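For reference, target.cif is printed below; it contains mmCIF, C-alpha atoms.
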data_model
loop_
_atom_site.group_PDB
_atom_site.id
_atom_site.type_symbol
_atom_site.label_atom_id
_atom_site.label_comp_id
_atom_site.auth_asym_id
_atom_site.auth_seq_id
_atom_site.Cartn_x
_atom_site.Cartn_y
_atom_site.Cartn_z
ATOM 1 C CA MET A 1 96.079 78.105 72.437
ATOM 2 C CA SER A 2 95.241 81.750 71.641
ATOM 3 C CA GLU A 3 97.503 84.503 72.901
ATOM 4 C CA LEU A 4 96.905 85.364 76.554
ATOM 5 C CA LYS A 5 96.246 89.006 77.391
ATOM 6 C CA ASN A 6 97.595 91.354 80.044
ATOM 7 C CA ASP A 7 95.226 93.820 81.698
ATOM 8 C CA GLU A 8 96.515 97.174 82.914
ATOM 9 C CA GLU A 9 94.101 97.454 85.835
ATOM 10 C CA PHE A 10 94.840 93.924 87.040
ATOM 11 C CA GLY A 11 98.564 94.478 86.543
ATOM 12 C CA ALA A 12 98.447 97.481 88.903
ATOM 13 C CA LEU A 13 97.259 95.142 91.672
ATOM 14 C CA VAL A 14 100.426 93.044 91.462
ATOM 15 C CA PHE A 15 103.474 94.306 93.352
ATOM 16 C CA PRO A 16 106.443 94.032 90.948
ATOM 17 C CA ILE A 17 109.363 91.749 91.726
ATOM 18 C CA SER A 18 112.919 93.109 91.703
ATOM 19 C CA ASP A 19 115.324 92.647 88.789
ATOM 20 C CA ASN A 20 117.275 90.074 90.796
ATOM 21 C CA GLU A 21 114.096 88.138 91.557
ATOM 22 C CA TYR A 22 113.130 88.226 87.896
ATOM 23 C CA ASP A 23 116.559 86.919 86.848
ATOM 24 C CA ALA A 24 116.303 84.091 89.387
ATOM 25 C CA LEU A 25 112.794 83.219 88.179
ATOM 26 C CA GLU A 26 113.926 83.211 84.559
ATOM 27 C CA GLU A 27 116.885 80.955 85.331
ATOM 28 C CA ASN A 28 114.700 78.554 87.291
ATOM 29 C CA ILE A 29 112.069 78.309 84.543
ATOM 30 C CA PHE A 30 114.745 77.916 81.853
ATOM 31 C CA ASP A 31 116.423 75.073 83.780
ATOM 32 C CA HIS A 32 113.385 73.294 85.227
ATOM 33 C CA GLY A 33 110.392 74.464 83.227
ATOM 34 C CA CYS A 34 107.308 76.366 84.378
ATOM 35 C CA GLY A 35 105.853 74.240 87.153
ATOM 36 C CA GLU A 36 103.335 76.764 88.465
ATOM 37 C CA PRO A 37 100.331 77.342 86.185
ATOM 38 C CA ILE A 38 99.372 80.671 84.654
ATOM 39 C CA ILE A 39 96.005 81.644 86.184
ATOM 40 C CA VAL A 40 93.609 82.887 83.497
ATOM 41 C CA TRP A 41 90.101 84.332 83.336
ATOM 42 C CA ASP A 42 88.475 85.088 79.985
ATOM 43 C CA ASN A 43 91.934 84.749 78.383
ATOM 44 C CA ILE A 44 93.260 87.507 80.681
ATOM 45 C CA ILE A 45 96.220 86.666 82.922
ATOM 46 C CA ILE A 46 95.186 86.906 86.564
ATOM 47 C CA ASP A 47 98.400 85.531 88.043
ATOM 48 C CA GLY A 48 101.721 84.653 86.411
ATOM 49 C CA ARG A 49 102.438 87.516 84.017
ATOM 50 C CA LYS A 50 106.216 87.217 84.493
ATOM 51 C CA ARG A 51 106.152 83.439 84.124
ATOM 52 C CA TYR A 52 104.168 83.831 80.929
ATOM 53 C CA ASP A 53 106.586 86.440 79.514
ATOM 54 C CA ILE A 54 109.582 84.228 80.266
ATOM 55 C CA CYS A 55 107.997 81.160 78.692
ATOM 56 C CA LYS A 56 107.075 83.130 75.578
ATOM 57 C CA LYS A 57 110.589 84.566 75.374
ATOM 58 C CA TRP A 58 112.219 81.112 75.435
ATOM 59 C CA GLU A 59 109.364 79.341 73.645
ATOM 60 C CA LEU A 60 108.770 77.059 76.619
ATOM 61 C CA PRO A 61 105.499 75.229 77.348
ATOM 62 C CA PHE A 62 103.491 76.337 80.366
ATOM 63 C CA PRO A 63 100.453 75.002 82.234
ATOM 64 C CA VAL A 64 97.281 77.086 82.385
ATOM 65 C CA LYS A 65 94.586 77.076 85.046
ATOM 66 C CA ARG A 66 91.321 78.773 84.154
ATOM 67 C CA ILE A 67 89.078 80.287 86.819
ATOM 68 C CA ASP A 68 85.514 81.462 86.220
ATOM 69 C CA PHE A 69 84.490 84.809 87.659
ATOM 70 C CA GLU A 70 81.154 86.540 87.216
ATOM 71 C CA ASN A 71 82.792 89.902 86.467
ATOM 72 C CA ARG A 72 85.958 92.002 86.725
ATOM 73 C CA TYR A 73 85.232 92.895 90.333
ATOM 74 C CA GLU A 74 85.453 89.265 91.397
ATOM 75 C CA ALA A 75 88.655 88.833 89.383
ATOM 76 C CA ALA A 76 90.188 91.927 91.004
ATOM 77 C CA ALA A 77 89.183 90.700 94.469
ATOM 78 C CA TRP A 78 90.878 87.348 93.792
ATOM 79 C CA ILE A 79 94.104 89.077 92.700
ATOM 80 C CA CYS A 80 94.134 91.300 95.784
ATOM 81 C CA ARG A 81 93.549 88.378 98.142
ATOM 82 C CA ASN A 82 96.238 86.333 96.407
ATOM 83 C CA GLN A 83 98.746 89.188 96.573
ATOM 84 C CA LEU A 84 98.063 89.717 100.277
ATOM 85 C CA GLU A 85 99.580 86.274 100.897
ATOM 86 C CA ARG A 86 102.981 87.637 99.914
ATOM 87 C CA GLY A 87 105.465 88.443 102.638
ATOM 88 C CA ASP A 88 107.419 91.087 100.718
ATOM 89 C CA LEU A 89 104.752 93.774 100.431
ATOM 90 C CA PRO A 90 105.572 97.325 101.613
ATOM 91 C CA ASP A 91 103.069 98.684 104.143
ATOM 92 C CA ALA A 92 101.632 101.141 101.618
ATOM 93 C CA MET A 93 101.007 98.390 99.051
ATOM 94 C CA ARG A 94 99.416 96.167 101.684
ATOM 95 C CA LYS A 95 97.046 98.967 102.711
ATOM 96 C CA TYR A 96 96.209 99.603 99.075
ATOM 97 C CA LEU A 97 95.475 95.936 98.355
ATOM 98 C CA ILE A 98 93.235 95.641 101.410
ATOM 99 C CA GLY A 99 91.375 98.758 100.279
ATOM 100 C CA ARG A 100 91.019 97.464 96.724
ATOM 101 C CA TYR A 101 89.986 94.035 98.005
ATOM 102 C CA TYR A 102 87.232 95.647 100.063
ATOM 103 C CA LYS A 103 86.147 97.884 97.177
ATOM 104 C CA SER A 104 86.143 95.000 94.677
ATOM 105 C CA ARG A 105 84.096 92.829 97.033
ATOM 106 C CA LYS A 106 81.647 95.691 97.520
ATOM 107 C CA ASP A 107 81.358 96.394 93.778
ATOM 108 C CA ALA A 108 80.908 92.682 93.029
ATOM 109 C CA TYR A 109 78.059 92.567 95.528
ATOM 110 C CA LEU A 110 76.363 95.623 94.025
ATOM 111 C CA SER A 111 76.689 94.273 90.488
ATOM 112 C CA SER A 112 75.068 90.969 91.403
ATOM 113 C CA PRO A 113 71.495 90.473 90.121
ATOM 114 C CA ASP A 114 70.579 89.257 93.608
ATOM 115 C CA SER A 115 71.819 92.443 95.265
ATOM 116 C CA PRO A 116 69.015 94.346 97.045
ATOM 117 C CA GLY A 117 70.571 97.624 95.938
ATOM 118 C CA LYS A 118 72.850 100.258 97.338
ATOM 119 C CA HIS A 119 72.673 100.725 101.096
ATOM 120 C CA ARG A 120 75.207 101.263 103.873
ATOM 121 C CA GLY A 121 74.516 97.933 105.566
ATOM 122 C CA HIS A 122 76.396 95.875 103.002
ATOM 123 C CA GLN A 123 79.461 98.142 103.304
ATOM 124 C CA TYR A 124 79.840 97.413 107.003
ATOM 125 C CA ARG A 125 79.180 93.704 106.528
ATOM 126 C CA ILE A 126 81.789 93.366 103.793
ATOM 127 C CA ALA A 127 84.264 95.508 105.762
ATOM 128 C CA GLU A 128 83.825 93.163 108.720
ATOM 129 C CA GLU A 129 84.321 90.080 106.537
ATOM 130 C CA VAL A 130 87.468 91.525 104.966
ATOM 131 C CA GLY A 131 88.699 92.627 108.396
ATOM 132 C CA LYS A 132 88.441 89.090 109.746
ATOM 133 C CA GLU A 133 90.480 87.790 106.810
ATOM 134 C CA VAL A 134 93.300 90.342 107.237
ATOM 135 C CA TYR A 135 93.051 90.737 111.039
ATOM 136 C CA LEU A 136 91.836 94.330 111.097
ATOM 137 C CA VAL A 137 88.757 96.071 112.488
ATOM 138 C CA SER A 138 86.101 97.067 109.969
ATOM 139 C CA GLY A 139 86.753 100.799 110.459
ATOM 140 C CA THR A 140 90.368 100.384 109.354
ATOM 141 C CA VAL A 141 89.300 98.382 106.298
ATOM 142 C CA TYR A 142 86.864 101.165 105.377
ATOM 143 C CA LYS A 143 89.646 103.772 105.681
ATOM 144 C CA TYR A 144 91.927 101.652 103.503
ATOM 145 C CA GLY A 145 89.147 101.627 100.906
ATOM 146 C CA ILE A 146 89.255 105.427 100.840
ATOM 147 C CA TYR A 147 93.057 105.255 100.687
ATOM 148 C CA ALA A 148 92.924 102.912 97.672
ATOM 149 C CA GLU A 149 90.491 105.186 95.822
ATOM 150 C CA ALA A 150 92.810 108.151 96.436
ATOM 151 C CA ILE A 151 95.814 106.188 95.111
ATOM 152 C CA ASP A 152 93.861 105.218 91.981
ATOM 153 C CA ASN A 153 92.901 108.865 91.498
ATOM 154 C CA ILE A 154 96.547 109.925 91.780
ATOM 155 C CA ALA A 155 97.607 107.169 89.361
ATOM 156 C CA SER A 156 95.121 108.445 86.771
ATOM 157 C CA LYS A 157 96.965 111.790 86.885
ATOM 158 C CA ASN A 158 100.551 110.600 87.353
ATOM 159 C CA LYS A 159 101.512 106.938 87.642
ATOM 160 C CA ASN A 160 105.022 107.722 88.843
ATOM 161 C CA ILE A 161 103.859 109.311 92.109
ATOM 162 C CA ALA A 162 101.383 106.485 92.787
ATOM 163 C CA GLU A 163 104.063 103.841 92.200
ATOM 164 C CA LYS A 164 106.516 105.651 94.479
ATOM 165 C CA ILE A 165 103.948 105.798 97.268
ATOM 166 C CA LEU A 166 103.042 102.100 96.965
ATOM 167 C CA SER A 167 106.683 101.009 96.826
ATOM 168 C CA GLY A 168 107.501 102.992 99.960
ATOM 169 C CA LYS A 169 109.918 105.261 98.092
ATOM 170 C CA LEU A 170 107.728 108.285 98.824
ATOM 171 C CA ARG A 171 106.406 108.598 102.351
ATOM 172 C CA ILE A 172 103.231 110.614 102.760
ATOM 173 C CA SER A 173 100.384 110.364 105.269
ATOM 174 C CA GLN A 174 96.944 109.080 104.314
ATOM 175 C CA ALA A 175 95.385 112.491 104.923
ATOM 176 C CA ASN A 176 97.915 114.109 102.590
ATOM 177 C CA ILE A 177 97.414 111.379 99.983
ATOM 178 C CA ILE A 178 93.718 112.245 99.932
ATOM 179 C CA GLU A 179 94.535 115.935 99.551
ATOM 180 C CA LEU A 180 97.007 115.089 96.775
ATOM 181 C CA SER A 181 94.356 113.054 94.955
ATOM 182 C CA ARG A 182 92.130 116.150 94.814
ATOM 183 C CA LEU A 183 94.702 118.313 93.047
ATOM 184 C CA PRO A 184 94.261 119.044 89.334
ATOM 185 C CA LYS A 185 96.229 116.861 86.920
ATOM 186 C CA GLU A 186 98.595 119.708 86.032
ATOM 187 C CA GLU A 187 99.523 120.285 89.683
ATOM 188 C CA VAL A 188 100.120 116.579 90.317
ATOM 189 C CA ARG A 189 102.467 116.492 87.316
ATOM 190 C CA ALA A 190 104.243 119.612 88.519
ATOM 191 C CA LEU A 191 104.663 118.068 91.955
ATOM 192 C CA ASN A 192 106.138 114.924 90.394
ATOM 193 C CA ASN A 193 108.731 117.085 88.639
ATOM 194 C CA VAL A 194 109.642 118.693 91.966
ATOM 195 C CA LEU A 195 109.997 115.297 93.641
ATOM 196 C CA VAL A 196 112.218 113.974 90.855
ATOM 197 C CA GLU A 197 114.395 117.070 90.587
ATOM 198 C CA ASN A 198 114.992 117.237 94.349
ATOM 199 C CA SER A 199 115.142 113.452 94.996
ATOM 200 C CA MET A 200 112.535 113.835 97.750
ATOM 201 C CA ASP A 201 111.396 110.715 99.611
ATOM 202 C CA ARG A 202 108.744 112.352 101.790
ATOM 203 C CA ILE A 203 106.464 115.350 101.579
ATOM 204 C CA SER A 204 103.826 116.998 103.769
ATOM 205 C CA TYR A 205 100.728 118.906 102.702
ATOM 206 C CA ALA A 206 102.383 122.230 103.609
ATOM 207 C CA GLU A 207 105.376 121.304 101.463
ATOM 208 C CA MET A 208 103.073 120.307 98.606
ATOM 209 C CA ARG A 209 101.345 123.666 98.637
ATOM 210 C CA HIS A 210 104.652 125.503 99.010
ATOM 211 C CA GLU A 211 106.284 123.686 96.094
ATOM 212 C CA LEU A 212 103.244 124.081 93.875
ATOM 213 C CA GLY A 213 103.000 127.749 94.789
ATOM 214 C CA TRP A 214 106.682 128.225 93.967
ATOM 215 C CA GLN A 215 106.252 126.426 90.641
ATOM 216 C CA HIS A 216 103.353 128.713 89.821
ATOM 217 C CA TYR A 217 105.427 131.726 90.874
ATOM 218 C CA ASN A 218 108.292 130.658 88.641
ATOM 219 C CA SER A 219 106.102 129.935 85.614
ATOM 220 C CA SER A 220 103.809 132.943 85.760
ATOM 221 C CA THR A 221 104.866 135.679 88.173
ATOM 222 C CA LEU A 222 108.514 135.788 87.116
ATOM 223 C CA GLU A 223 107.564 135.737 83.448
ATOM 224 C CA SER A 224 105.219 138.620 84.085
ATOM 225 C CA ALA A 225 108.009 140.500 85.851
ATOM 226 C CA LYS A 226 110.305 139.982 82.853
ATOM 227 C CA GLN A 227 107.726 141.457 80.529
ATOM 228 C CA LYS A 228 107.324 144.457 82.773
ATOM 229 C CA ARG A 229 111.075 145.037 82.890
ATOM 230 C CA LYS A 230 111.322 144.983 79.087
ATOM 231 C CA GLY A 231 109.111 148.001 78.756
ATOM 232 C CA ALA A 232 110.256 149.496 81.995
ATOM 233 C CA VAL A 233 109.433 153.153 82.526
ATOM 234 C CA ALA A 234 109.012 154.971 85.753
ATOM 235 C CA ALA A 235 105.398 154.785 86.777
ATOM 236 C CA ILE A 236 103.429 156.166 89.617
ATOM 237 C CA LYS A 237 101.474 153.596 91.556
ATOM 238 C CA GLU A 238 97.809 154.205 91.351
ATOM 239 C CA VAL A 239 95.583 153.902 94.353
ATOM 240 C CA PRO A 240 93.340 150.859 93.757
ATOM 241 C CA ALA A 241 89.833 151.837 92.816
ATOM 242 C CA TYR A 242 86.948 150.793 95.021
ATOM 243 C CA ASP A 243 85.812 147.283 94.129
ATOM 244 C CA PRO A 244 82.194 146.554 95.117
ATOM 245 C CA ASP A 245 82.777 142.819 94.459
ATOM 246 C CA ALA A 246 85.761 142.523 96.809
ATOM 247 C CA GLU A 247 83.939 141.132 99.852
ATOM 248 C CA ILE A 248 81.807 138.552 98.070
ATOM 249 C CA SER A 249 84.750 137.535 95.855
ATOM 250 C CA SER A 250 86.815 136.920 98.973
ATOM 251 C CA LEU A 251 84.010 134.840 100.473
ATOM 252 C CA ALA A 252 83.676 132.841 97.240
ATOM 253 C CA LEU A 253 87.384 131.987 97.439
ATOM 254 C CA THR A 254 87.042 130.845 101.054
ATOM 255 C CA ILE A 255 84.066 128.494 100.624
ATOM 256 C CA PRO A 256 86.012 125.764 98.717
ATOM 257 C CA SER A 257 88.205 125.286 101.792
ATOM 258 C CA TRP A 258 85.047 124.687 103.875
ATOM 259 C CA ILE A 259 83.878 122.086 101.384
ATOM 260 C CA SER A 260 87.325 120.468 101.397
ATOM 261 C CA SER A 261 87.265 120.246 105.204
ATOM 262 C CA ILE A 262 83.809 118.654 105.160
ATOM 263 C CA GLU A 263 84.819 116.126 102.494
ATOM 264 C CA ARG A 264 88.015 115.309 104.357
ATOM 265 C CA THR A 265 86.076 114.639 107.576
ATOM 266 C CA LYS A 266 83.615 112.443 105.655
ATOM 267 C CA SER A 267 86.550 110.464 104.284
ATOM 268 C CA LEU A 268 88.601 110.046 107.457
ATOM 269 C CA ALA A 269 86.170 109.980 110.391
ATOM 270 C CA ASP A 270 85.033 106.599 111.709
ATOM 271 C CA PHE A 271 81.458 107.776 112.322
ATOM 272 C CA PRO A 272 80.136 104.608 113.997
ATOM 273 C CA LYS A 273 82.733 105.072 116.740
ATOM 274 C CA THR A 274 82.171 108.792 117.344
ATOM 275 C CA THR A 275 80.308 109.932 120.476
ATOM 276 C CA ASP A 276 76.735 111.202 120.537
ATOM 277 C CA GLY A 277 77.987 114.511 121.956
ATOM 278 C CA ALA A 278 80.427 115.109 119.121
ATOM 279 C CA ARG A 279 77.825 114.267 116.483
ATOM 280 C CA GLU A 280 75.218 116.513 118.121
ATOM 281 C CA LYS A 281 77.675 119.413 118.282
ATOM 282 C CA LEU A 282 78.447 118.959 114.590
ATOM 283 C CA ARG A 283 74.719 118.819 113.755
ATOM 284 C CA GLN A 284 74.142 122.129 115.542
ATOM 285 C CA GLU A 285 77.011 123.840 113.715
ATOM 286 C CA LEU A 286 75.915 122.449 110.350
ATOM 287 C CA PHE A 287 72.372 123.645 111.012
ATOM 288 C CA ALA A 288 73.701 127.129 111.828
ATOM 289 C CA LEU A 289 75.784 127.072 108.642
ATOM 290 C CA HIS A 290 72.797 125.920 106.595
ATOM 291 C CA LYS A 291 70.686 128.736 108.038
ATOM 292 C CA ALA A 292 73.381 131.327 107.280
ATOM 293 C CA VAL A 293 73.753 130.048 103.707
ATOM 294 C CA TYR A 294 69.969 130.082 103.197
ATOM 295 C CA ASN A 295 69.698 133.689 104.415
ATOM 296 C CA PHE A 296 72.664 134.732 102.284
ATOM 297 C CA GLN A 297 71.171 133.132 99.186
ATOM 298 C CA LYS A 298 67.991 135.168 99.706
ATOM 299 C CA ILE A 299 70.135 138.342 99.560
ATOM 300 C CA LEU A 300 71.633 137.206 96.255
ATOM 301 C CA GLU A 301 68.256 136.563 94.639
#
Target format structure tokens, applied to this file:
Amino acid sequence: MSELKNDEEFGALVFPISDNEYDALEENIFDHGCGEPIIVWDNIIIDGRKRYDICKKWELPFPVKRIDFENRYEAAAWICRNQLERGDLPDAMRKYLIGRYYKSRKDAYLSSPDSPGKHRGHQYRIAEEVGKEVYLVSGTVYKYGIYAEAIDNIASKNKNIAEKILSGKLRISQANIIELSRLPKEEVRALNNVLVENSMDRISYAEMRHELGWQHYNSSTLESAKQKRKGAVAAIKEVPAYDPDAEISSLALTIPSWISSIERTKSLADFPKTTDGAREKLRQELFALHKAVYNFQKILE
């Protein structure tokens, strides 16, 4: 048999067992053999990575069960569904797996040659199907899908923070997780350093911005102050010159926060359940904003 392969993406869908659990598993396999088969697709381990490692370590035989999937999305969906049967999952990991299960099912559908194409109808149908399996309403499944995407985004920037969130060692709300996922890679890394140095087990968005602002202050502002002190001479403060760009520069700095608020609402709101009045009010305000932007753009031309 050729060497079986581990897959990093699939491995991230499996909640790790503790050291004590691993030791117990190793002892059991060493004494009684590997009774549970290693599940494999395309020579990639889908279930049983620890069993496989133990058997290879002690040169023990192991059974293999091969499953055929059409693509990686189907394989990922199978792993998520299998993991959701476990009773030792932290709440954050369970939410993540439900979100990834939904997303994998959706991607598998879209990649199928028989798929009619991308439209919102299939999202709701799949969310309802997943919801019935895990005893949740479709709106919650959809939100967990957004949650899972945010966790994956964070993991691409800093795996340590993502693992802490999923293990329950770092408590942070879904809204703040989404905001965290939007931060640049450098800021996510800086935040991880703050969390490690201060042994923090929870953080809010305000604390995130404060800590990141303080890190920036330490790394740039204080260094600048040092340089100024080195060549210190008494100087008379000059009155700032008139800046014709001040107003539009200020507006340009404000607009990203508007976009962030819109994107956040798109991510978190359960639109099918919102009232007609609320949607109509939002339409009116968006129309007014669109009109103001259009008129402003004409000035800039």
Have a look at A:Arg51, A:Lys95, A:Lys5, A:Lys169 and name the one nearest to Glu27 (chain A); count all atoms listed in the file.
A:Arg51
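Using only C-alpha atoms for every distance, the candidate list A:Asp68, A:Asp53, A:Glu74, A:Asp19 yields A:Asp68 as the residue closest to Trp41 (chain A).
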Residues at most 12 Å from Tyr96 (chain A), counting all atoms listed in the file, excluding those fewer than 2 positions away in the same chain, as a PyMOL selection string?
chain A and resi 12-15+80-81+83-84+89-94+98-104+140-152+162-163+165-168+174+177
Considering all atoms listed in the file, return as number ranges by chain whatever protein or nucleic-acid residues lie within 12 Å of Val196 (chain A), sequence-local ones (same chain, fewer than 4 positions apart) excluded.
A: 160-161, 164, 169-170, 189-192, 200-202
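Take CA of Phe296 (chain A) and CA of Ile255 (chain A): the distance between them is 13.1 Å.
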Could you give me, as a PyMOL selection string, the residues within 9 Å of Arg72 (chain A), counting only C-alpha atoms and dropping anything in the same chain fewer than 4 positions from it?
chain A and resi 76-77+104+108
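Between CA of Ser267 (chain A) and CA of Ser181 (chain A) the separation is 12.4 Å.
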Result set, the PyMOL selection byres ((chain A and resi 188) around 12) on current file, as a PyMOL selection string
chain A and resi 153-162+177+179-187+189-195+208-209+211-212+215
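Here CA of Leu25 (chain A) stands at a distance of 11.3 Å from CA of Tyr52 (chain A).
Checking A:Ala24, A:Ala288, A:Ile262, A:Ile203 one by one against Ile172 (chain A), counting all atoms listed in the file, you find the shortest gap at A:Ile203.
Using only C-alpha atoms, the nearest neighbour of Leu251 (chain A) within the list A:Val293, A:Asn198, A:Asp114, A:Glu280 is A:Val293.
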Kindly compute an axis-aligned box around the listed atoms of region 95-101 of chain A, allowing 6 Å on each side, and express its centre and edge lengths in Å to one decimal as JSON.
{"center_x": 93.5, "center_y": 96.8, "center_z": 99.7, "size_x": 19.1, "size_y": 17.6, "size_z": 18.0}
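The shortest atom-to-atom distance to Ile126 (chain A), with all atoms listed in the file taken into account, belongs to A:Arg105 out of A:Pro244, A:Asp23, A:Arg105, A:Ser112.
Shortest separation to Lys50 (chain A) among A:Ile38, A:Leu282, A:Ile299, A:Ala206 occurs at residue A:Ile38, atoms counted being only C-alpha atoms.
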